[in-house]
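Participant: Can you keep this structure in mind? I'll have questions shortly.
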Amino acid sequence: QISGRKTIIANWKMHGNLARNQHLVEKYLDGLQSLHANVVVCVPYPYLAQIQSFLQGTHLAWGAQNVAKFEEGAYTGEVSAEMLRDFGAQYVIIGHSERSTAYCESDENIAEKFMMAKRHGLTPVLCVGETLLEREAGVMERVVGRQLETIVRLFGGEAFADTIVSYEPIWAIGTGLAATAEQAVAMHQFIRDTIAGASKSAAASLKILYGGSVNPQNAIQLLHQKEIDGALVGRCSLEAGQFIKICQSVP
Ligand code: PEP
């Protein structure tokens, strides 16, 4: 069950090594003592055991950045939801644009991964968002609507109960150009309304985060919006001081 507090997720992407991770997590733990936020650290698969050993028994949770859509079997290179649970993961990022573009993940694939995570008690963090061309063409709601509706069509609106959707405009990821609070709020309202159209109760329990060049400066305004339930943070999660400041911006 997701608590009512805002959630800040660190996405380390393909960064880190044993020594750097230890240093970063020790600083996180030092700086994030008393907080109003849920903090989650999503690490590359090989470091799940390490992060578990550091964060077990603390108020920080951890997760992965992808999961297989299959239960188990002959799927070389894949990692199952049950394996993530074995290492104490509670969250998994699904459908990040860096994956869907580089590995041609379809909306159907992403939907199956989303349900697989749920079935195994992981909280899926579904990434949705439009490209710059799509925003300039004014079709961003159609694009995000299609990404959400694939899950609704295959599994029903109830699938979104107690899950997380992260609005990540592709033009804002890693570019230093974050969406304005107005742009993010408008899309967050659209996302909640879309899910409410399929299931009111699921929409009420859904958290909607913003991701895309979040930094300590823009976090204050973004995280003060009632429509924004938290943030997914890439680059600034690799700098403990910046990540701590972002977490401290949660009102
Ligand atoms: C991300 O990893 O989803 C992300 C938003 O990255 P950045 O904060 O670097 O834009």
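Labels used: A, B, ... for chains in the order of the structure tokens, numbers from 1 for residues in each chain, and numbers from 1 for ligands as shown.
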Please give the complete set of residues from stretch 17-203 of chain A that DSSP, run on the backbone, assigns to helix (DSSP H, G or I), formatted as a VMD selection string.
Facilitator: chain A and resid 18 to 31 45 to 55 81 to 86 97 to 102 107 to 119 132 to 136 140 to 155 157 to 160 170 to 172 181 to 198 200 to 203
Participant: Could you write out the selected residues, including C-alpha atoms, as an mmCIF file, in the first residue's frame?
Facilitator:
```cif
data_model
loop_
_atom_site.group_PDB
_atom_site.id
_atom_site.type_symbol
_atom_site.label_atom_id
_atom_site.label_comp_id
_atom_site.auth_asym_id
_atom_site.auth_seq_id
_atom_site.Cartn_x
_atom_site.Cartn_y
_atom_site.Cartn_z
ATOM 1 C CA LEU A 18 30.739 -0.949 -5.649
ATOM 2 C CA ALA A 19 32.912 1.791 -4.140
ATOM 3 C CA ARG A 20 30.978 4.735 -5.630
ATOM 4 C CA ASN A 21 27.627 3.216 -4.676
ATOM 5 C CA GLN A 22 28.724 2.780 -1.075
ATOM 6 C CA HIS A 23 29.912 6.369 -0.882
ATOM 7 C CA LEU A 24 26.676 7.695 -2.429
ATOM 8 C CA VAL A 25 24.348 5.631 -0.263
ATOM 9 C CA GLU A 26 26.222 6.511 2.930
ATOM 10 C CA LYS A 27 25.739 10.180 2.053
ATOM 11 C CA TYR A 28 22.048 9.614 1.251
ATOM 12 C CA LEU A 29 21.558 7.958 4.640
ATOM 13 C CA ASP A 30 23.366 10.778 6.425
ATOM 14 C CA GLY A 31 21.416 13.526 4.690
ATOM 15 C CA TYR A 45 20.653 -5.281 -11.381
ATOM 16 C CA PRO A 46 24.153 -6.333 -10.218
ATOM 17 C CA TYR A 47 23.982 -3.892 -7.306
ATOM 18 C CA LEU A 48 20.652 -5.069 -5.859
ATOM 19 C CA ALA A 49 22.407 -7.209 -3.244
ATOM 20 C CA GLN A 50 24.658 -4.310 -2.273
ATOM 21 C CA ILE A 51 21.806 -1.838 -1.968
ATOM 22 C CA GLN A 52 19.802 -4.369 0.037
ATOM 23 C CA SER A 53 22.661 -4.744 2.497
ATOM 24 C CA PHE A 54 22.886 -0.955 2.958
ATOM 25 C CA LEU A 55 19.206 -0.050 3.032
ATOM 26 C CA ALA A 81 10.021 -10.103 -10.840
ATOM 27 C CA GLU A 82 10.537 -12.949 -8.359
ATOM 28 C CA MET A 83 14.305 -12.440 -8.529
ATOM 29 C CA LEU A 84 13.848 -8.738 -7.752
ATOM 30 C CA ARG A 85 11.705 -9.696 -4.740
ATOM 31 C CA ASP A 86 14.449 -12.085 -3.614
ATOM 32 C CA SER A 97 11.997 5.989 -22.740
ATOM 33 C CA GLU A 98 15.720 5.177 -22.759
ATOM 34 C CA ARG A 99 14.674 1.526 -22.917
ATOM 35 C CA SER A 100 11.663 1.784 -25.167
ATOM 36 C CA THR A 101 13.639 3.680 -27.828
ATOM 37 C CA ALA A 102 16.889 1.695 -27.587
ATOM 38 C CA ASP A 107 3.259 -0.546 -25.343
ATOM 39 C CA GLU A 108 2.002 -4.177 -25.085
ATOM 40 C CA ASN A 109 5.374 -5.378 -23.784
ATOM 41 C CA ILE A 110 5.436 -2.582 -21.267
ATOM 42 C CA ALA A 111 1.880 -3.442 -20.174
ATOM 43 C CA GLU A 112 2.856 -7.084 -19.591
ATOM 44 C CA LYS A 113 5.871 -6.053 -17.515
ATOM 45 C CA PHE A 114 3.648 -3.714 -15.493
ATOM 46 C CA MET A 115 1.276 -6.563 -14.622
ATOM 47 C CA MET A 116 4.086 -9.006 -13.919
ATOM 48 C CA ALA A 117 5.539 -6.563 -11.388
ATOM 49 C CA LYS A 118 2.126 -6.143 -9.721
ATOM 50 C CA ARG A 119 1.502 -9.878 -9.558
ATOM 51 C CA LEU A 132 9.430 17.307 -28.523
ATOM 52 C CA LEU A 133 7.923 16.879 -31.997
ATOM 53 C CA GLU A 134 4.753 15.457 -30.479
ATOM 54 C CA ARG A 135 4.493 18.358 -28.032
ATOM 55 C CA GLU A 136 5.082 20.891 -30.786
ATOM 56 C CA MET A 140 1.066 15.029 -26.266
ATOM 57 C CA GLU A 141 -2.194 13.997 -24.598
ATOM 58 C CA ARG A 142 -3.003 11.600 -27.412
ATOM 59 C CA VAL A 143 0.452 10.005 -27.039
ATOM 60 C CA VAL A 144 0.317 9.685 -23.251
ATOM 61 C CA GLY A 145 -3.329 8.563 -23.430
ATOM 62 C CA ARG A 146 -2.340 5.728 -25.793
ATOM 63 C CA GLN A 147 0.459 4.607 -23.443
ATOM 64 C CA LEU A 148 -2.001 4.386 -20.520
ATOM 65 C CA GLU A 149 -4.855 2.887 -22.496
ATOM 66 C CA THR A 150 -2.833 -0.155 -23.562
ATOM 67 C CA ILE A 151 -2.786 -1.266 -19.913
ATOM 68 C CA VAL A 152 -6.472 -0.426 -19.454
ATOM 69 C CA ARG A 153 -7.408 -2.373 -22.613
ATOM 70 C CA LEU A 154 -5.382 -5.464 -21.668
ATOM 71 C CA PHE A 155 -5.884 -5.550 -17.897
ATOM 72 C CA GLY A 157 -8.419 0.278 -15.103
ATOM 73 C CA GLU A 158 -8.105 -1.500 -11.739
ATOM 74 C CA ALA A 159 -4.568 -2.480 -12.781
ATOM 75 C CA PHE A 160 -3.501 1.051 -11.824
ATOM 76 C CA ILE A 170 11.273 12.778 -23.468
ATOM 77 C CA TRP A 171 12.506 16.270 -24.371
ATOM 78 C CA ALA A 172 13.156 16.941 -20.679
ATOM 79 C CA ALA A 181 5.093 23.382 -13.298
ATOM 80 C CA GLU A 182 2.102 24.394 -15.464
ATOM 81 C CA GLN A 183 2.981 21.894 -18.205
ATOM 82 C CA ALA A 184 3.514 19.127 -15.661
ATOM 83 C CA VAL A 185 0.316 19.893 -13.717
ATOM 84 C CA ALA A 186 -1.777 19.905 -16.915
ATOM 85 C CA MET A 187 -0.446 16.496 -17.928
ATOM 86 C CA HIS A 188 -0.803 15.075 -14.414
ATOM 87 C CA GLN A 189 -4.458 16.107 -14.399
ATOM 88 C CA PHE A 190 -4.932 14.499 -17.792
ATOM 89 C CA ILE A 191 -3.316 11.255 -16.558
ATOM 90 C CA ARG A 192 -5.488 11.091 -13.436
ATOM 91 C CA ASP A 193 -8.640 11.866 -15.441
ATOM 92 C CA THR A 194 -7.771 9.193 -18.001
ATOM 93 C CA ILE A 195 -7.362 6.544 -15.311
ATOM 94 C CA ALA A 196 -10.472 7.780 -13.486
ATOM 95 C CA GLY A 197 -12.402 7.205 -16.728
ATOM 96 C CA ALA A 198 -11.522 3.510 -16.362
ATOM 97 C CA LYS A 200 -12.241 5.908 -10.043
ATOM 98 C CA SER A 201 -10.803 3.951 -7.134
ATOM 99 C CA ALA A 202 -7.587 3.144 -9.000
ATOM 100 C CA ALA A 203 -7.188 6.805 -9.960
#
```
Participant: List every residue of chain A that has an atom at most 8 Å from any atom of ligand 1, and for each one report the closest atom pair and its distance in Å to one decimal, counting only C-alpha atoms and all ligand atoms, with rows sorted by chain and then by increasing residue number, as a Markdown table.
Facilitator:
```
| residue | atom | partner | partner_atom_place_in_ligand_line | distance |
| --- | --- | --- | --- | --- |
| A:Ala10 | CA | ligand 1 | 2 (O) | 7.8 |
| A:Asn11 | CA | ligand 1 | 2 (O) | 5.2 |
| A:Trp12 | CA | ligand 1 | 2 (O) | 7.3 |
| A:Lys13 | CA | ligand 1 | 2 (O) | 6.6 |
| A:His96 | CA | ligand 1 | 3 (O) | 6.7 |
| A:Ser97 | CA | ligand 1 | 3 (O) | 7.9 |
| A:Cys127 | CA | ligand 1 | 3 (O) | 7.9 |
| A:Glu168 | CA | ligand 1 | 5 (C) | 6.3 |
| A:Ala172 | CA | ligand 1 | 10 (O) | 6.0 |
| A:Ile173 | CA | ligand 1 | 10 (O) | 3.4 |
| A:Gly174 | CA | ligand 1 | 10 (O) | 3.6 |
| A:Thr175 | CA | ligand 1 | 10 (O) | 6.3 |
| A:Gly176 | CA | ligand 1 | 10 (O) | 6.8 |
| A:Ala178 | CA | ligand 1 | 10 (O) | 7.6 |
| A:Tyr210 | CA | ligand 1 | 5 (C) | 8.0 |
| A:Gly211 | CA | ligand 1 | 5 (C) | 4.1 |
| A:Gly212 | CA | ligand 1 | 5 (C) | 3.6 |
| A:Ser213 | CA | ligand 1 | 10 (O) | 3.5 |
| A:Val214 | CA | ligand 1 | 8 (O) | 5.2 |
| A:Asn215 | CA | ligand 1 | 8 (O) | 7.5 |
| A:Leu232 | CA | ligand 1 | 5 (C) | 5.7 |
| A:Val233 | CA | ligand 1 | 8 (O) | 4.2 |
| A:Gly234 | CA | ligand 1 | 6 (O) | 3.4 |
| A:Arg235 | CA | ligand 1 | 9 (O) | 3.8 |
| A:Cys236 | CA | ligand 1 | 8 (O) | 6.2 |
| A:Ser237 | CA | ligand 1 | 8 (O) | 7.6 |
```
Participant: Restricting the output to N, CA and C atoms, write the selected residues as a short mmCIF file (atom, residue, chain, number, x, y, z; two decimals), in the first residue's frame.
Facilitator:
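Result went into again02.cif, see below:
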```cif
data_model
loop_
_atom_site.label_atom_id
_atom_site.label_comp_id
_atom_site.auth_asym_id
_atom_site.auth_seq_id
_atom_site.Cartn_x
_atom_site.Cartn_y
_atom_site.Cartn_z
N ALA A 10 15.25 7.77 -7.09
CA ALA A 10 16.55 7.95 -7.75
C ALA A 10 16.67 6.89 -8.83
N ASN A 11 16.96 7.31 -10.05
CA ASN A 11 17.22 6.37 -11.14
C ASN A 11 18.70 6.49 -11.51
N TRP A 12 19.47 5.53 -11.04
CA TRP A 12 20.92 5.61 -11.28
C TRP A 12 21.28 5.29 -12.73
N LYS A 13 20.33 4.78 -13.49
CA LYS A 13 20.61 4.36 -14.88
C LYS A 13 21.82 3.40 -14.86
N HIS A 96 10.79 2.94 -19.30
CA HIS A 96 11.55 4.19 -19.40
C HIS A 96 11.88 4.44 -20.88
N SER A 97 11.82 5.70 -21.31
CA SER A 97 12.00 5.99 -22.74
C SER A 97 13.39 5.59 -23.23
N CYS A 127 6.61 4.71 -16.87
CA CYS A 127 7.03 5.99 -17.47
C CYS A 127 6.24 6.26 -18.74
N GLU A 168 7.18 11.68 -17.91
CA GLU A 168 8.56 11.99 -18.28
C GLU A 168 8.58 12.47 -19.72
N ALA A 172 12.64 16.41 -21.94
CA ALA A 172 13.16 16.94 -20.68
C ALA A 172 14.15 16.00 -20.00
N ILE A 173 14.23 14.75 -20.47
CA ILE A 173 15.10 13.77 -19.79
C ILE A 173 16.56 14.00 -20.16
N GLY A 174 17.35 14.31 -19.15
CA GLY A 174 18.80 14.46 -19.35
C GLY A 174 19.19 15.68 -20.17
N THR A 175 18.26 16.58 -20.43
CA THR A 175 18.56 17.73 -21.29
C THR A 175 18.81 19.02 -20.51
N GLY A 176 18.46 19.02 -19.23
CA GLY A 176 18.56 20.24 -18.44
C GLY A 176 17.36 21.14 -18.63
N ALA A 178 13.70 21.20 -17.94
CA ALA A 178 12.54 20.57 -17.29
C ALA A 178 11.25 21.18 -17.81
N TYR A 210 6.66 13.40 -11.49
CA TYR A 210 7.23 14.09 -12.65
C TYR A 210 8.70 13.69 -12.76
N GLY A 211 9.18 13.46 -14.00
CA GLY A 211 10.59 13.18 -14.22
C GLY A 211 11.08 13.91 -15.46
N GLY A 212 12.29 14.45 -15.40
CA GLY A 212 12.86 15.17 -16.54
C GLY A 212 13.61 16.38 -16.06
N SER A 213 14.95 16.22 -15.87
CA SER A 213 15.83 17.32 -15.47
C SER A 213 15.40 17.98 -14.15
N VAL A 214 14.91 17.18 -13.22
CA VAL A 214 14.60 17.74 -11.89
C VAL A 214 15.92 18.06 -11.20
N ASN A 215 16.01 19.26 -10.63
CA ASN A 215 17.22 19.67 -9.89
C ASN A 215 16.78 20.41 -8.63
N LEU A 232 10.88 11.58 -10.28
CA LEU A 232 11.85 10.56 -10.69
C LEU A 232 13.09 11.34 -11.12
N VAL A 233 14.21 11.05 -10.48
CA VAL A 233 15.40 11.88 -10.64
C VAL A 233 16.54 11.06 -11.22
N GLY A 234 17.06 11.45 -12.36
CA GLY A 234 18.18 10.75 -12.98
C GLY A 234 19.50 11.37 -12.56
N ARG A 235 19.99 12.30 -13.37
CA ARG A 235 21.34 12.86 -13.18
C ARG A 235 21.59 13.34 -11.75
N CYS A 236 20.65 14.09 -11.19
CA CYS A 236 20.89 14.67 -9.85
C CYS A 236 20.85 13.63 -8.74
N SER A 237 20.45 12.38 -9.06
CA SER A 237 20.49 11.37 -8.00
C SER A 237 21.91 10.84 -7.81
#
```
Participant: If we count only C-alpha atoms and set the cut-off at 9 Å, which residues sit around A:Lys6, ignoring sequence neighbours fewer than 2 positions away in its own chain? Please answer as number ranges by chain.
Facilitator: A: 3-4, 8, 36-39, 207, 209, 223, 228-231, 250-251
Participant: Just want the 8 Å neighbourhood of A:Ala89, counted on only C-alpha atoms, with same-chain residues fewer than 6 positions away dropped. Output as a PDB file with N, CA and C atoms, in the first residue's frame.
Facilitator:
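Listed below is the output, result-v4.pdb:
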```
ATOM      1  N   LEU A  48      21.818  -4.891  -6.741  1.00  0.00           N
ATOM      2  CA  LEU A  48      20.652  -5.069  -5.859  1.00  0.00           C
ATOM      3  C   LEU A  48      21.061  -5.638  -4.501  1.00  0.00           C
ATOM      4  N   GLN A  52      20.579  -3.697  -1.011  1.00  0.00           N
ATOM      5  CA  GLN A  52      19.802  -4.369   0.037  1.00  0.00           C
ATOM      6  C   GLN A  52      20.587  -4.376   1.343  1.00  0.00           C
ATOM      7  N   ALA A  61      13.746   2.779   0.459  1.00  0.00           N
ATOM      8  CA  ALA A  61      13.414   1.535  -0.245  1.00  0.00           C
ATOM      9  C   ALA A  61      14.259   1.462  -1.510  1.00  0.00           C
ATOM     10  N   TRP A  62      14.240   0.306  -2.182  1.00  0.00           N
ATOM     11  CA  TRP A  62      15.050   0.170  -3.391  1.00  0.00           C
ATOM     12  C   TRP A  62      14.288  -0.621  -4.453  1.00  0.00           C
ATOM     13  N   GLY A  63      14.813  -0.528  -5.658  1.00  0.00           N
ATOM     14  CA  GLY A  63      14.151  -1.216  -6.761  1.00  0.00           C
ATOM     15  C   GLY A  63      15.076  -1.327  -7.953  1.00  0.00           C
ATOM     16  N   ALA A  64      14.498  -1.790  -9.070  1.00  0.00           N
ATOM     17  CA  ALA A  64      15.264  -2.010 -10.300  1.00  0.00           C
ATOM     18  C   ALA A  64      14.729  -1.096 -11.398  1.00  0.00           C
ATOM     19  N   LEU A 122       5.461  -6.087  -6.494  1.00  0.00           N
ATOM     20  CA  LEU A 122       6.330  -4.918  -6.716  1.00  0.00           C
ATOM     21  C   LEU A 122       5.444  -3.749  -7.134  1.00  0.00           C
TER      22      LEU A 122
END
```
Participant: Which parts of stretch 8-251 of chain A does DSSP call strand (DSSP E or B) when run on the backbone here, written out as number ranges by chain?
Facilitator: A: 8-11, 38-42, 60-64, 91-94, 123-128, 164-167, 207-211, 230-233
Participant: Please determine, counting only C-alpha atoms, which residue among A:Thr58, A:Asn218, A:Gln225, A:Ser205 has the shortest atom-to-atom distance to A:Ile246.
Facilitator: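 Nearest to A:Ile246: A:Asn218.
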Participant: In Å, with one decimal, what is the gap from atom CA of A:Gly156 to atom CA of A:Pro169?
Facilitator: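 Interatomic distance here is 24.7 Å.
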